[in-house]
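Here is start_28.txt, consisting of compact mmCIF, C-alpha atoms:
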```txt
# COMPACT_ATOMS: atom_id res chain seq x y z
CA MET G 1 40.46 112.29 102.24
CA ASP G 2 40.76 115.49 100.15
CA ASN G 3 42.10 115.65 96.61
CA GLN G 4 45.34 117.31 97.69
CA SER G 5 46.25 114.47 100.05
CA THR G 6 45.41 111.91 97.39
CA LYS G 7 47.70 113.63 94.91
CA ARG G 8 50.58 113.65 97.41
CA ILE G 9 50.18 109.89 98.07
CA VAL G 10 50.02 109.07 94.37
CA SER G 11 53.03 111.28 93.70
CA SER G 12 55.04 109.55 96.45
CA LEU G 13 54.14 106.13 95.07
CA ARG G 14 55.24 107.08 91.57
CA SER G 15 58.61 108.44 92.69
CA ASP G 16 61.47 107.00 94.68
CA ARG G 17 64.42 108.54 96.45
CA VAL G 18 67.04 106.93 94.20
CA SER G 19 65.48 108.32 91.01
CA GLU G 20 65.53 111.80 92.51
CA LEU G 21 69.30 111.71 93.05
CA PRO G 22 71.55 113.77 90.76
CA SER G 23 72.49 112.01 87.51
CA ASN G 24 76.18 111.75 88.37
CA ILE G 25 75.39 109.92 91.64
CA ILE G 26 73.05 107.49 89.86
CA ASP G 27 75.78 106.83 87.30
CA ASN G 28 78.24 106.04 90.10
CA ILE G 29 75.73 103.60 91.63
CA LEU G 30 75.31 101.82 88.30
CA ILE G 31 79.09 101.64 87.79
CA CYS G 32 79.43 99.80 91.12
CA LEU G 33 76.92 97.14 90.02
CA PRO G 34 77.95 94.07 87.97
CA ILE G 35 77.12 94.74 84.32
CA HIS G 36 74.27 92.19 84.22
CA GLU G 37 72.67 93.83 87.28
CA ALA G 38 73.08 97.31 85.79
CA VAL G 39 71.31 96.20 82.60
CA LYS G 40 68.40 94.84 84.66
CA THR G 41 67.65 98.35 85.98
CA CYS G 42 66.03 99.09 82.60
CA ILE G 43 62.81 97.40 83.84
CA LEU G 44 62.43 99.65 86.90
CA SER G 45 60.70 102.50 85.11
CA LYS G 46 60.73 104.58 81.94
CA SER G 47 63.32 106.93 83.42
CA TRP G 48 65.65 103.98 84.07
CA ARG G 49 65.18 102.26 80.72
CA PHE G 50 68.18 103.80 78.99
CA ARG G 51 70.41 104.82 81.89
CA TRP G 52 72.68 101.77 81.73
CA ARG G 53 73.38 102.45 78.04
CA TYR G 54 75.51 105.42 79.04
CA LEU G 55 77.72 103.65 81.56
CA PRO G 56 81.32 104.80 81.02
CA LYS G 57 82.74 101.64 82.63
CA LEU G 58 82.02 98.10 81.36
CA ILE G 59 83.34 95.00 83.14
CA PHE G 60 82.93 91.48 81.74
CA ASP G 61 84.46 89.04 84.21
CA ASP G 62 84.07 85.41 85.24
CA THR G 63 81.15 86.31 87.54
CA PHE G 64 79.36 87.76 84.52
CA TYR G 65 80.09 84.55 82.59
CA GLN G 66 78.88 82.24 85.36
CA ARG G 67 75.64 84.18 85.83
CA LEU G 68 74.67 84.31 82.16
CA ILE G 69 75.99 80.99 80.84
CA ARG G 70 74.42 77.91 82.42
CA PRO G 71 76.75 76.35 85.03
CA SER G 72 75.68 72.91 83.83
CA ILE G 73 77.67 73.33 80.61
CA SER G 74 80.89 71.38 81.10
CA LYS G 75 82.86 73.26 78.46
CA ARG G 76 82.94 77.04 78.34
CA ASP G 77 80.56 78.38 75.71
CA ILE G 78 82.77 81.22 74.48
CA THR G 79 80.62 81.83 71.39
CA LYS G 80 77.58 82.56 73.54
CA LEU G 81 79.68 84.72 75.84
CA PHE G 82 80.85 86.96 73.00
CA SER G 83 77.34 87.06 71.57
CA ILE G 84 76.06 88.59 74.82
CA ILE G 85 78.99 91.02 75.00
CA TYR G 86 78.33 92.22 71.43
CA ARG G 87 74.64 92.69 72.24
CA VAL G 88 75.52 94.89 75.21
CA LEU G 89 77.98 96.91 73.13
CA LEU G 90 75.50 97.41 70.27
CA LEU G 91 72.89 98.77 72.68
CA HIS G 92 75.41 100.97 74.46
CA ARG G 93 75.22 104.62 73.42
CA GLY G 94 77.61 106.59 75.59
CA SER G 95 81.39 106.83 75.75
CA ILE G 96 83.30 103.79 77.01
CA LEU G 97 86.07 105.19 79.15
CA ASN G 98 87.07 101.89 80.79
CA PHE G 99 86.67 98.37 79.39
CA THR G 100 87.61 95.23 81.33
CA TYR G 101 87.61 91.64 80.09
CA ARG G 102 88.56 89.03 82.71
CA VAL G 103 87.35 85.61 81.58
CA PRO G 104 89.60 82.53 81.43
CA LEU G 105 89.21 80.85 78.04
CA PHE G 106 90.77 78.71 75.39
CA SER G 107 91.77 80.49 72.21
CA SER G 108 89.00 82.48 70.52
CA PRO G 109 90.80 84.78 68.07
CA ARG G 110 87.72 85.76 66.07
CA GLY G 111 85.82 86.99 69.12
CA ILE G 112 88.79 88.93 70.48
CA HIS G 113 89.52 90.50 67.07
CA ARG G 114 85.95 91.77 66.70
CA LEU G 115 85.97 93.08 70.25
CA MET G 116 89.27 94.90 69.80
CA PHE G 117 88.13 96.38 66.49
CA TYR G 118 85.05 97.79 68.23
CA LEU G 119 87.16 99.35 71.01
CA SER G 120 89.61 100.84 68.52
CA GLU G 121 86.80 103.04 67.17
CA LYS G 122 85.96 104.38 70.64
CA ASP G 123 87.89 106.94 72.68
CA VAL G 124 88.70 104.38 75.36
CA HIS G 125 90.78 105.58 78.32
CA GLY G 126 91.39 102.24 80.05
CA ILE G 127 91.59 98.64 78.80
CA VAL G 128 92.13 95.43 80.79
CA PHE G 129 92.50 92.07 79.01
CA ASP G 130 93.08 89.21 81.43
CA PHE G 131 92.63 85.67 80.15
CA GLY G 132 93.11 84.21 83.58
CA GLU G 133 95.64 81.46 83.00
CA SER G 134 99.38 81.69 83.55
CA LEU G 135 101.63 81.34 80.52
CA TYR G 136 103.32 78.50 82.34
CA ASP G 137 100.16 76.43 82.82
CA SER G 138 100.23 73.55 80.37
CA GLY G 139 97.30 72.98 78.08
CA TYR G 140 96.51 76.65 77.47
CA LYS G 141 97.33 78.48 74.28
CA ILE G 142 98.65 82.02 74.57
CA GLU G 143 95.97 84.43 73.40
CA ARG G 144 97.40 86.74 70.77
CA LEU G 145 95.79 90.15 70.65
CA PRO G 146 95.21 91.84 67.28
CA SER G 147 97.05 94.98 66.20
CA PHE G 148 93.82 96.99 66.58
CA LEU G 149 95.04 97.54 70.14
CA PHE G 150 97.58 100.06 68.88
CA SER G 151 94.83 102.17 67.32
CA CYS G 152 93.53 103.06 70.79
CA VAL G 153 95.66 106.19 71.01
CA THR G 154 93.48 107.78 73.73
CA LEU G 155 94.48 105.11 76.27
CA ARG G 156 95.60 106.28 79.70
CA SER G 157 95.70 102.84 81.35
CA LEU G 158 96.46 99.42 79.83
CA THR G 159 96.67 95.97 81.50
CA LEU G 160 97.54 92.85 79.48
CA SER G 161 97.55 89.52 81.31
CA SER G 162 98.15 85.95 80.04
CA CYS G 163 98.40 87.00 76.42
CA THR G 164 100.79 88.41 73.83
CA VAL G 165 100.88 91.03 71.09
CA THR G 166 103.41 92.06 68.47
CA VAL G 167 104.30 95.73 68.27
CA PRO G 168 103.79 96.91 64.67
CA LEU G 169 106.67 98.72 62.98
CA ALA G 170 104.33 101.61 62.17
CA PHE G 171 103.27 102.04 65.82
CA LYS G 172 103.86 105.66 66.85
CA GLY G 173 102.99 105.23 70.50
CA PHE G 174 100.39 105.86 73.19
CA PRO G 175 100.86 109.60 73.77
CA LYS G 176 98.51 109.74 76.79
CA LEU G 177 99.27 106.41 78.51
CA ILE G 178 100.04 106.82 82.23
CA SER G 179 99.72 103.25 83.60
CA LEU G 180 100.98 100.05 81.91
CA THR G 181 100.85 96.49 83.32
CA PHE G 182 102.18 93.28 81.79
CA ASP G 183 101.28 90.16 83.80
CA SER G 184 102.26 86.69 82.54
CA PHE G 185 102.82 88.33 79.18
CA TYR G 186 104.97 86.80 76.47
CA PHE G 187 107.29 89.00 74.40
CA TYR G 188 108.13 87.37 71.09
CA ALA G 189 111.40 89.21 70.65
CA LYS G 190 114.06 90.36 73.10
CA GLY G 191 113.99 94.13 73.44
CA GLU G 192 110.30 94.32 72.51
CA VAL G 193 109.36 95.55 75.98
CA GLU G 194 111.75 98.50 75.62
CA THR G 195 110.25 99.29 72.21
CA PHE G 196 106.79 99.31 73.75
CA ILE G 197 107.52 101.51 76.75
CA SER G 198 109.75 103.90 74.80
CA LYS G 199 106.66 104.99 72.87
CA CYS G 200 104.76 105.92 76.03
CA PRO G 201 106.36 109.29 76.89
CA LEU G 202 104.05 110.16 79.83
CA LEU G 203 104.20 106.79 81.60
CA GLU G 204 104.03 107.06 85.41
CA ARG G 205 103.29 103.46 86.47
CA LEU G 206 104.97 100.39 84.97
CA SER G 207 104.42 96.83 86.22
CA ILE G 208 106.08 93.80 84.58
CA LYS G 209 105.26 90.56 86.41
CA TYR G 210 106.08 86.94 85.52
CA CYS G 211 106.82 87.82 81.90
CA ASP G 212 108.94 85.68 79.61
CA ASN G 213 111.70 86.39 77.08
CA ILE G 214 113.24 89.39 78.83
CA ASP G 215 117.03 89.10 79.00
CA THR G 216 117.91 92.65 80.08
CA LEU G 217 115.72 95.65 80.75
CA ASP G 218 116.65 99.26 80.05
CA ILE G 219 114.39 101.83 81.69
CA ASP G 220 114.37 105.36 80.28
CA ILE G 221 111.07 106.89 81.40
CA PRO G 222 111.38 110.49 82.65
CA TYR G 223 108.04 110.70 84.51
CA LEU G 224 108.03 107.22 86.08
CA LYS G 225 106.71 107.15 89.67
CA PHE G 226 105.96 103.45 90.28
CA PHE G 227 107.96 100.47 88.99
CA GLN G 228 107.28 96.78 89.73
CA PHE G 229 109.25 93.92 88.19
CA SER G 230 109.70 90.16 88.37
CA SER G 231 110.94 87.82 85.66
CA SER G 232 112.73 84.48 85.81
CA SER G 233 114.55 85.19 82.52
CA CYS G 234 115.93 88.67 83.24
CA LYS G 235 119.59 89.05 84.21
CA ALA G 236 120.07 92.80 84.46
CA ILE G 237 118.10 96.02 84.92
CA CYS G 238 119.42 99.43 84.00
CA PHE G 239 117.88 102.84 84.66
CA ARG G 240 119.30 105.10 81.97
CA LYS G 241 118.46 108.30 83.79
CA THR G 242 117.71 109.08 87.39
CA SER G 243 114.01 109.88 87.51
CA GLN G 244 113.24 112.61 90.01
CA HIS G 245 109.65 111.35 90.26
CA LEU G 246 110.33 107.67 91.01
CA SER G 247 108.98 106.98 94.51
CA THR G 248 108.12 103.24 94.63
CA VAL G 249 110.21 100.34 93.32
CA ILE G 250 109.21 96.70 93.80
CA PHE G 251 111.42 93.79 92.77
CA ASP G 252 109.36 90.69 93.47
CA GLU G 253 110.31 87.06 93.98
CA GLU G 254 111.33 85.83 90.54
CA PHE G 255 114.60 87.04 89.04
CA GLY G 256 116.87 85.20 86.64
CA GLY G 257 120.29 86.42 87.70
CA PRO G 258 123.15 86.45 88.25
CA TYR G 259 123.06 90.23 88.35
CA HIS G 260 126.20 91.40 86.57
CA SER G 261 126.28 95.08 87.55
CA GLU G 262 127.51 96.47 90.86
CA PRO G 263 124.71 97.19 93.38
CA THR G 264 125.95 100.78 93.75
CA LYS G 265 125.21 101.52 90.08
CA LEU G 266 121.57 100.49 90.45
CA PHE G 267 121.05 102.35 93.72
CA GLU G 268 122.61 105.53 92.33
CA CYS G 269 119.68 105.67 89.92
CA LEU G 270 117.22 105.05 92.77
CA ALA G 271 118.44 107.72 95.16
CA VAL G 272 115.04 109.44 95.32
CA VAL G 273 113.00 106.26 95.90
CA LYS G 274 110.87 106.40 99.04
CA HIS G 275 109.36 102.88 99.05
CA PHE G 276 111.52 99.87 98.19
CA ARG G 277 110.62 96.15 98.20
CA LEU G 278 113.19 93.44 97.44
CA GLY G 279 112.27 89.78 96.95
CA TYR G 280 114.56 86.93 97.95
CA ASP G 281 115.86 86.08 94.47
CA PHE G 282 116.57 89.66 93.52
CA LEU G 283 118.29 90.41 96.81
CA HIS G 284 120.70 87.50 96.30
CA CYS G 285 121.32 88.22 92.63
CA LEU G 286 121.84 91.92 93.32
CA PHE G 287 124.48 91.54 96.02
CA ASN G 288 125.89 88.16 94.88
CA GLY G 289 128.33 88.11 97.79
CA ARG G 290 129.46 91.72 97.24
CA MET G 291 128.90 94.05 100.19
CA PRO G 292 129.26 97.72 99.18
CA MET G 293 129.84 100.03 102.13
CA LYS G 294 128.01 103.00 100.60
CA LEU G 295 124.67 102.96 98.77
CA SER G 296 122.52 105.88 97.65
CA LEU G 297 119.38 105.39 99.75
CA GLY G 298 118.99 108.80 101.34
CA GLY G 299 115.40 109.19 100.16
CA LEU G 300 114.18 105.80 101.42
CA ARG G 301 111.28 105.91 103.90
CA VAL G 302 109.77 102.39 103.62
CA LEU G 303 111.76 99.16 103.17
CA GLU G 304 110.11 95.77 102.62
CA LEU G 305 112.10 92.53 102.69
CA PRO G 306 109.42 89.81 102.60
CA GLU G 307 111.77 86.79 102.48
CA ILE G 308 114.88 86.76 104.67
CA CYS G 309 116.61 83.66 105.97
CA PHE G 310 117.83 84.75 109.39
CA GLY G 311 119.85 81.57 109.76
CA ARG G 312 122.33 82.74 107.11
CA ALA G 313 124.91 85.39 107.88
CA SER G 314 124.88 86.62 104.27
CA ASN G 315 121.17 87.41 104.49
CA ILE G 316 121.68 89.41 107.68
CA SER G 317 124.56 91.26 106.04
CA TYR G 318 122.33 92.26 103.13
CA VAL G 319 119.65 93.57 105.50
CA LEU G 320 122.11 95.51 107.63
CA CYS G 321 123.77 96.98 104.54
CA LEU G 322 120.43 98.39 103.41
CA ILE G 323 119.55 99.69 106.88
CA VAL G 324 122.90 101.40 107.44
CA ASN G 325 122.56 103.24 104.14
CA SER G 326 119.00 104.41 104.82
CA PRO G 327 119.32 107.30 107.33
CA ASN G 328 115.73 108.47 106.77
CA LEU G 329 114.05 105.07 107.09
CA LYS G 330 110.69 105.28 108.90
CA LYS G 331 109.10 101.87 108.30
CA LEU G 332 110.68 98.42 108.05
CA GLU G 333 108.80 95.23 107.22
CA ILE G 334 110.62 91.89 107.20
CA GLY G 335 109.37 88.39 106.56
CA SER G 336 111.25 85.37 107.80
CA LEU G 337 111.81 82.31 105.62
CA GLY G 338 112.78 80.23 108.61
CA ALA G 339 116.03 78.45 109.31
CA GLY G 340 117.54 75.62 107.34
CA GLU G 341 119.70 72.82 108.65
CA ASP G 342 122.86 74.93 108.59
CA MET G 343 122.51 78.04 110.74
CA ASP G 344 125.16 80.73 111.13
CA PRO G 345 125.42 82.78 114.32
CA ILE G 346 123.75 86.16 113.94
CA ALA G 347 125.67 87.98 116.69
CA PRO G 348 128.89 88.65 114.70
CA GLU G 349 126.94 90.38 111.93
CA LEU G 350 125.10 92.59 114.39
CA LEU G 351 128.32 93.53 116.17
CA LYS G 352 129.96 94.51 112.88
CA VAL G 353 127.28 97.05 112.11
CA LYS G 354 127.01 98.74 115.53
CA ASP G 355 129.81 101.20 114.77
CA LEU G 356 128.07 102.23 111.52
CA LEU G 357 124.71 103.11 113.07
CA ASP G 358 125.43 106.76 113.83
CA ASN G 359 122.93 107.96 111.22
CA ALA G 360 120.82 104.83 110.82
CA LEU G 361 117.67 103.80 112.71
CA LYS G 362 117.37 107.29 114.14
CA LYS G 363 114.05 107.91 112.39
CA LEU G 364 112.62 104.39 112.37
CA ARG G 365 109.08 104.51 113.77
CA VAL G 366 107.34 101.30 112.64
CA VAL G 367 108.63 97.72 112.36
CA LYS G 368 106.64 94.68 111.31
CA MET G 369 108.17 91.24 111.76
CA ASN G 370 106.54 88.24 110.05
CA PHE G 371 107.60 84.90 111.50
CA ALA G 372 107.82 81.71 109.47
CA GLU G 373 108.69 79.30 112.26
CA LEU G 374 106.13 77.96 114.72
CA ARG G 375 108.34 77.51 117.77
CA VAL G 376 110.49 79.85 119.82
CA LYS G 377 113.59 77.65 119.47
CA GLN G 378 113.33 77.83 115.68
CA ALA G 379 112.86 81.60 115.76
CA LYS G 380 115.97 82.38 117.82
CA HIS G 381 117.67 84.42 115.10
CA GLU G 382 114.53 86.45 114.40
CA LEU G 383 114.22 87.25 118.11
CA ASP G 384 117.87 88.36 118.22
CA PHE G 385 117.20 90.72 115.34
CA ILE G 386 114.11 92.16 117.06
CA LYS G 387 116.20 92.70 120.20
CA PHE G 388 118.76 94.57 118.11
CA LEU G 389 116.12 96.84 116.52
CA LEU G 390 114.47 97.68 119.84
CA ALA G 391 117.83 98.60 121.33
CA GLU G 392 118.93 100.83 118.42
CA SER G 393 115.69 102.55 117.35
CA ILE G 394 115.39 105.62 119.56
CA VAL G 395 112.06 106.95 118.20
CA LEU G 396 110.31 103.65 117.53
CA GLU G 397 106.55 103.77 118.06
CA LYS G 398 105.20 100.37 116.96
CA MET G 399 106.74 96.91 116.75
CA TYR G 400 104.28 94.50 115.11
CA ILE G 401 104.81 90.77 115.65
CA GLN G 402 103.08 88.48 113.13
CA PRO G 403 103.42 84.74 113.95
CA ALA G 404 103.13 82.20 111.16
CA LYS G 405 99.76 80.73 110.32
CA GLY G 406 99.13 77.68 112.40
CA THR G 407 101.11 78.93 115.39
CA VAL G 408 99.52 77.59 118.56
CA CYS G 409 98.61 80.08 121.27
CA GLU G 410 101.22 78.68 123.66
CA GLU G 411 104.10 79.32 121.23
CA GLU G 412 102.73 82.71 120.28
CA LEU G 413 102.63 83.68 123.95
CA LYS G 414 106.23 82.52 124.43
CA ILE G 415 107.40 84.68 121.53
CA LEU G 416 105.54 87.71 122.85
CA LYS G 417 106.89 87.25 126.39
CA LYS G 418 110.46 87.13 125.11
CA VAL G 419 110.00 90.29 123.03
CA LEU G 420 108.45 92.14 125.99
CA ARG G 421 111.59 91.48 128.06
CA PHE G 422 113.90 93.14 125.52
CA HIS G 423 115.31 96.58 126.30
CA ARG G 424 113.72 99.45 124.33
CA SER G 425 115.61 102.67 123.63
CA SER G 426 112.37 104.40 122.72
CA LYS G 427 109.99 105.12 125.59
CA LYS G 428 107.10 105.27 123.10
CA ALA G 429 107.78 101.81 121.64
CA GLU G 430 104.68 99.61 121.78
CA ILE G 431 104.70 95.88 121.08
CA VAL G 432 101.67 94.82 119.03
CA ALA G 433 100.82 91.15 118.50
CA LEU G 434 98.94 90.29 115.30
CA ASN G 435 96.72 87.23 115.38
CA PRO G 436 98.01 84.77 112.75
CA VAL G 437 94.54 83.50 111.90
CA ASP G 438 92.16 86.43 111.55
CA GLY G 439 94.53 89.39 111.70
CA GLU G 440 93.16 90.84 114.92
CA VAL G 441 95.49 93.12 116.86
CA SER G 442 96.27 93.02 120.55
CA SER G 443 98.67 95.40 122.29
CA GLU G 444 100.99 94.50 125.16
```
In structure tokens, how does this file's structure come out?
Amino acid sequence: MDNQSTKRIVSSLRSDRVSELPSNIIDNILICLPIHEAVKTCILSKSWRFRWRYLPKLIFDDTFYQRLIRPSISKRDITKLFSIIYRVLLLHRGSILNFTYRVPLFSSPRGIHRLMFYLSEKDVHGIVFDFGESLYDSGYKIERLPSFLFSCVTLRSLTLSSCTVTVPLAFKGFPKLISLTFDSFYFYAKGEVETFISKCPLLERLSIKYCDNIDTLDIDIPYLKFFQFSSSSCKAICFRKTSQHLSTVIFDEEFGGPYHSEPTKLFECLAVVKHFRLGYDFLHCLFNGRMPMKLSLGGLRVLELPEICFGRASNISYVLCLIVNSPNLKKLEIGSLGAGEDMDPIAPELLKVKDLLDNALKKLRVVKMNFAELRVKQAKHELDFIKFLLAESIVLEKMYIQPAKGTVCEEELKILKKVLRFHRSSKKAEIVALNPVDGEVSSE
């Protein structure tokens, strides 16, 4: 073998394809690895020794904890956990654009304070603090974050879960914050949430889920695009100005109620919304027996109603009211809660709305129906509603049928056979059965 061939073999052994990739691609590979695996790459070669130190994204989650702290320890060793985190941070040399902490723990104020102080001196763009336990779970103390959080003025994204923080009087705001999430967050004072969000002038995404001590909520965010809300203590929501950018609004299951304002006032502020989801509690509190004939839903394209009791005439009235006032609706997804002991006939409600359908359901293309009942007899009202939609939707393309988990094949087949017999106004309408167990799809 000549010297040239030997050199080529030696050269190929010393190099590898991954190391020859551009630096930005290698950085993306390291970001996708768990932090403890990314640190281990320092032993690969000299060129890899310091690469992990410049990772812009650091994630310390429960997987990280379980891998580095012995599983045999019955009680969480939080001191050791923070010791390892500090060691990683001290060795880190680059910018930290995104920092995530997702480890369930009992109170450890000293560790959190030191960690937050460190982050406050960095130009962090995104922070996630999730302590993993609901505020309503007994035996867990609410983790109170230090005021160093409000020194992170470069933040663009902030998520706070299962914790609390007091907004300082001197706080001037997060001038660059675009996304804000409160999940199982406790506000010490009523109106504190408005104080917080009012100092985020560029906010585009706001999510408030399962938070306590919110009586009313006033929203005045000019650039808001996405809004999600659920709270068992809230009784009213008010949008001060109609945001021309607001495209998605989600009102999830929990809502305190009763809702004191007229539904029309809320929908007037949501006229440009394209995607709307209404949970069971909010739907009831919003309408509260009042059935306005005209709502401002001209911009609506997607409507989700995950919990509807088809055995109650009031529920059907709410659904039909929303459909009639949504002339540009393209997708409808409804989940059935099943029928109770007292069931009202659905036919009268459907007959009432037929004369009002001149502009409704003319653009509806996709419907997904999620069944809660396991038997055809129990799903009679849901089947009547499907029959109504198939008859009135002239451009419908897909009708998805999702039986409840645990539905036996025989009952699923009965449901599908009944739906296939219904008249369809749209020649393109296709019935698609979704498998309740593994989500597989089968067409008619």
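Note that the spacing between CA of Ile431 in chain G and CA of Met399 in chain G amounts to 4.9 Å.
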Could you name the residues that touch Val193 in chain G at 10 Å or less, counting only C-alpha atoms, but leaving out those on the same chain fewer than 2 positions away, as a PDB file with C-alpha atoms, keeping the file's coordinate frame?
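Wrote it out as selection-v5.pdb, contents follow:
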```pdb
ATOM      1  CA  VAL G 167     104.300  95.730  68.270  1.00  0.00           C
ATOM      2  CA  PHE G 182     102.180  93.280  81.790  1.00  0.00           C
ATOM      3  CA  TYR G 186     104.970  86.800  76.470  1.00  0.00           C
ATOM      4  CA  PHE G 187     107.290  89.000  74.400  1.00  0.00           C
ATOM      5  CA  TYR G 188     108.130  87.370  71.090  1.00  0.00           C
ATOM      6  CA  ALA G 189     111.400  89.210  70.650  1.00  0.00           C
ATOM      7  CA  LYS G 190     114.060  90.360  73.100  1.00  0.00           C
ATOM      8  CA  GLY G 191     113.990  94.130  73.440  1.00  0.00           C
ATOM      9  CA  THR G 195     110.250  99.290  72.210  1.00  0.00           C
ATOM     10  CA  PHE G 196     106.790  99.310  73.750  1.00  0.00           C
ATOM     11  CA  ILE G 197     107.520 101.510  76.750  1.00  0.00           C
ATOM     12  CA  SER G 198     109.750 103.900  74.800  1.00  0.00           C
ATOM     13  CA  ILE G 208     106.080  93.800  84.580  1.00  0.00           C
ATOM     14  CA  ASN G 213     111.700  86.390  77.080  1.00  0.00           C
ATOM     15  CA  ILE G 214     113.240  89.390  78.830  1.00  0.00           C
ATOM     16  CA  THR G 216     117.910  92.650  80.080  1.00  0.00           C
ATOM     17  CA  LEU G 217     115.720  95.650  80.750  1.00  0.00           C
ATOM     18  CA  ASP G 218     116.650  99.260  80.050  1.00  0.00           C
ATOM     19  CA  ILE G 219     114.390 101.830  81.690  1.00  0.00           C
TER      20      ILE G 219
END
```
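Those residues positioned at most 6 Å from (111.4, 84.8, 113.5) are Ser336, Phe371, Ala379, Glu382 and Leu383 of chain G, judged using only C-alpha atoms.
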Limited to C-alpha atoms, could you put the picked residues into a file as a compact mmCIF listing (two decimals), in the frame of the given file?
```txt
# COMPACT_ATOMS: atom_id res chain seq x y z
CA SER G 336 111.25 85.37 107.80
CA PHE G 371 107.60 84.90 111.50
CA ALA G 379 112.86 81.60 115.76
CA GLU G 382 114.53 86.45 114.40
CA LEU G 383 114.22 87.25 118.11
```
Next item on the list: Compile the contact shell of range 122-128 of chain G as a VMD selection string: residues with an atom at most 9 Å away, counting only C-alpha atoms, same-chain residues fewer than 6 positions apart removed.
Entry: chain G and resid 95 to 102 152 to 161 176 to 177
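Excluding range 322-325 of chain G itself and any same-chain residue fewer than 4 positions from it, the protein and nucleic acid residues within 6 Å of it, counting only C-alpha atoms, are Leu295, Leu297 and Ala360 of chain G.
Here the question is which of G:Glu304, G:Asp212, G:Asp252, G:Glu268 gets nearest to Ser233 in chain G using all atoms listed in the file, and that residue is G:Asp212.
Proximity to range 419-424 of chain G at 6 Å, evaluated using all atoms listed in the file and with sequence-adjacent residues fewer than 6 positions away removed, yields Lys387, Leu390 and Ala391 of chain G.
Counting all atoms listed in the file, the residue from G:Asn315, G:Asn435, G:Gln378, G:Asn328 that sits nearest to Lys363 in chain G is G:Asn328.
Candidate residues G:Leu90, G:Ile84, G:Ile316, G:Val432 were compared for distance to Gly111 in chain G, and the nearest is G:Ile84, using all atoms listed in the file.
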Check: CA of Ile415 in chain G to CA of Glu307 in chain G: how many Å, to one decimal?
Finding: 19.7 Å
Item checked: Gap from CA of Ile112 in chain G to CA of Val88 in chain G - Å, one decimal -> 15.3 Å
Note to self: My list of candidates is G:Lys427, G:Leu145, G:Gly132, G:Leu434. Which is closest to Asp61 in chain G when distances are computed with only C-alpha atoms?
What the structure shows: G:Gly132
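Residue nearest Phe251 in chain G within the list G:Leu286, G:Cys309, G:Ile178, G:Val319: G:Leu286 [criterion: smallest interatomic distance, all atoms listed in the file].
With only C-alpha atoms taken into account, the protein and nucleic acid residues at most 7 Å from Thr248 in chain G (excluding it and anything under 2 positions from it in its own chain) are Lys225, Phe226, Phe227, Leu246, Ile250, Val273, Lys274, His275 and Phe276 of chain G.
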Missing atoms in range 297-305 of chain G: fill them in up to N, CA, C and O atoms and send the result as an mmCIF file, keeping the file's coordinate frame.
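The resulting file, result16.cif, is reproduced below:
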```
data_model
loop_
_atom_site.group_PDB
_atom_site.id
_atom_site.type_symbol
_atom_site.label_atom_id
_atom_site.label_comp_id
_atom_site.auth_asym_id
_atom_site.auth_seq_id
_atom_site.Cartn_x
_atom_site.Cartn_y
_atom_site.Cartn_z
ATOM 1 N N LEU G 297 120.749 105.651 99.292
ATOM 2 C CA LEU G 297 119.380 105.390 99.750
ATOM 3 C C LEU G 297 118.894 106.475 100.697
ATOM 4 O O LEU G 297 118.120 106.217 101.615
ATOM 5 N N GLY G 298 119.337 107.695 100.454
ATOM 6 C CA GLY G 298 118.990 108.800 101.340
ATOM 7 C C GLY G 298 117.514 109.157 101.323
ATOM 8 O O GLY G 298 117.002 109.715 102.292
ATOM 9 N N GLY G 299 116.813 108.840 100.238
ATOM 10 C CA GLY G 299 115.400 109.190 100.160
ATOM 11 C C GLY G 299 114.467 108.114 100.686
ATOM 12 O O GLY G 299 113.255 108.329 100.782
ATOM 13 N N LEU G 300 115.012 106.945 101.045
ATOM 14 C CA LEU G 300 114.180 105.800 101.420
ATOM 15 C C LEU G 300 113.440 106.024 102.738
ATOM 16 O O LEU G 300 114.031 106.378 103.748
ATOM 17 N N ARG G 301 112.120 105.792 102.699
ATOM 18 C CA ARG G 301 111.280 105.910 103.900
ATOM 19 C C ARG G 301 110.689 104.563 104.317
ATOM 20 O O ARG G 301 110.481 104.320 105.500
ATOM 21 N N VAL G 302 110.388 103.693 103.337
ATOM 22 C CA VAL G 302 109.770 102.390 103.620
ATOM 23 C C VAL G 302 110.599 101.299 102.940
ATOM 24 O O VAL G 302 110.850 101.364 101.732
ATOM 25 N N LEU G 303 110.992 100.284 103.705
ATOM 26 C CA LEU G 303 111.760 99.160 103.170
ATOM 27 C C LEU G 303 111.043 97.864 103.499
ATOM 28 O O LEU G 303 110.737 97.576 104.656
ATOM 29 N N GLU G 304 110.750 97.075 102.458
ATOM 30 C CA GLU G 304 110.110 95.770 102.620
ATOM 31 C C GLU G 304 111.050 94.677 102.140
ATOM 32 O O GLU G 304 111.525 94.709 101.005
ATOM 33 N N LEU G 305 111.296 93.704 103.017
ATOM 34 C CA LEU G 305 112.100 92.530 102.690
ATOM 35 C C LEU G 305 111.290 91.308 103.085
ATOM 36 O O LEU G 305 111.443 90.777 104.185
#
```
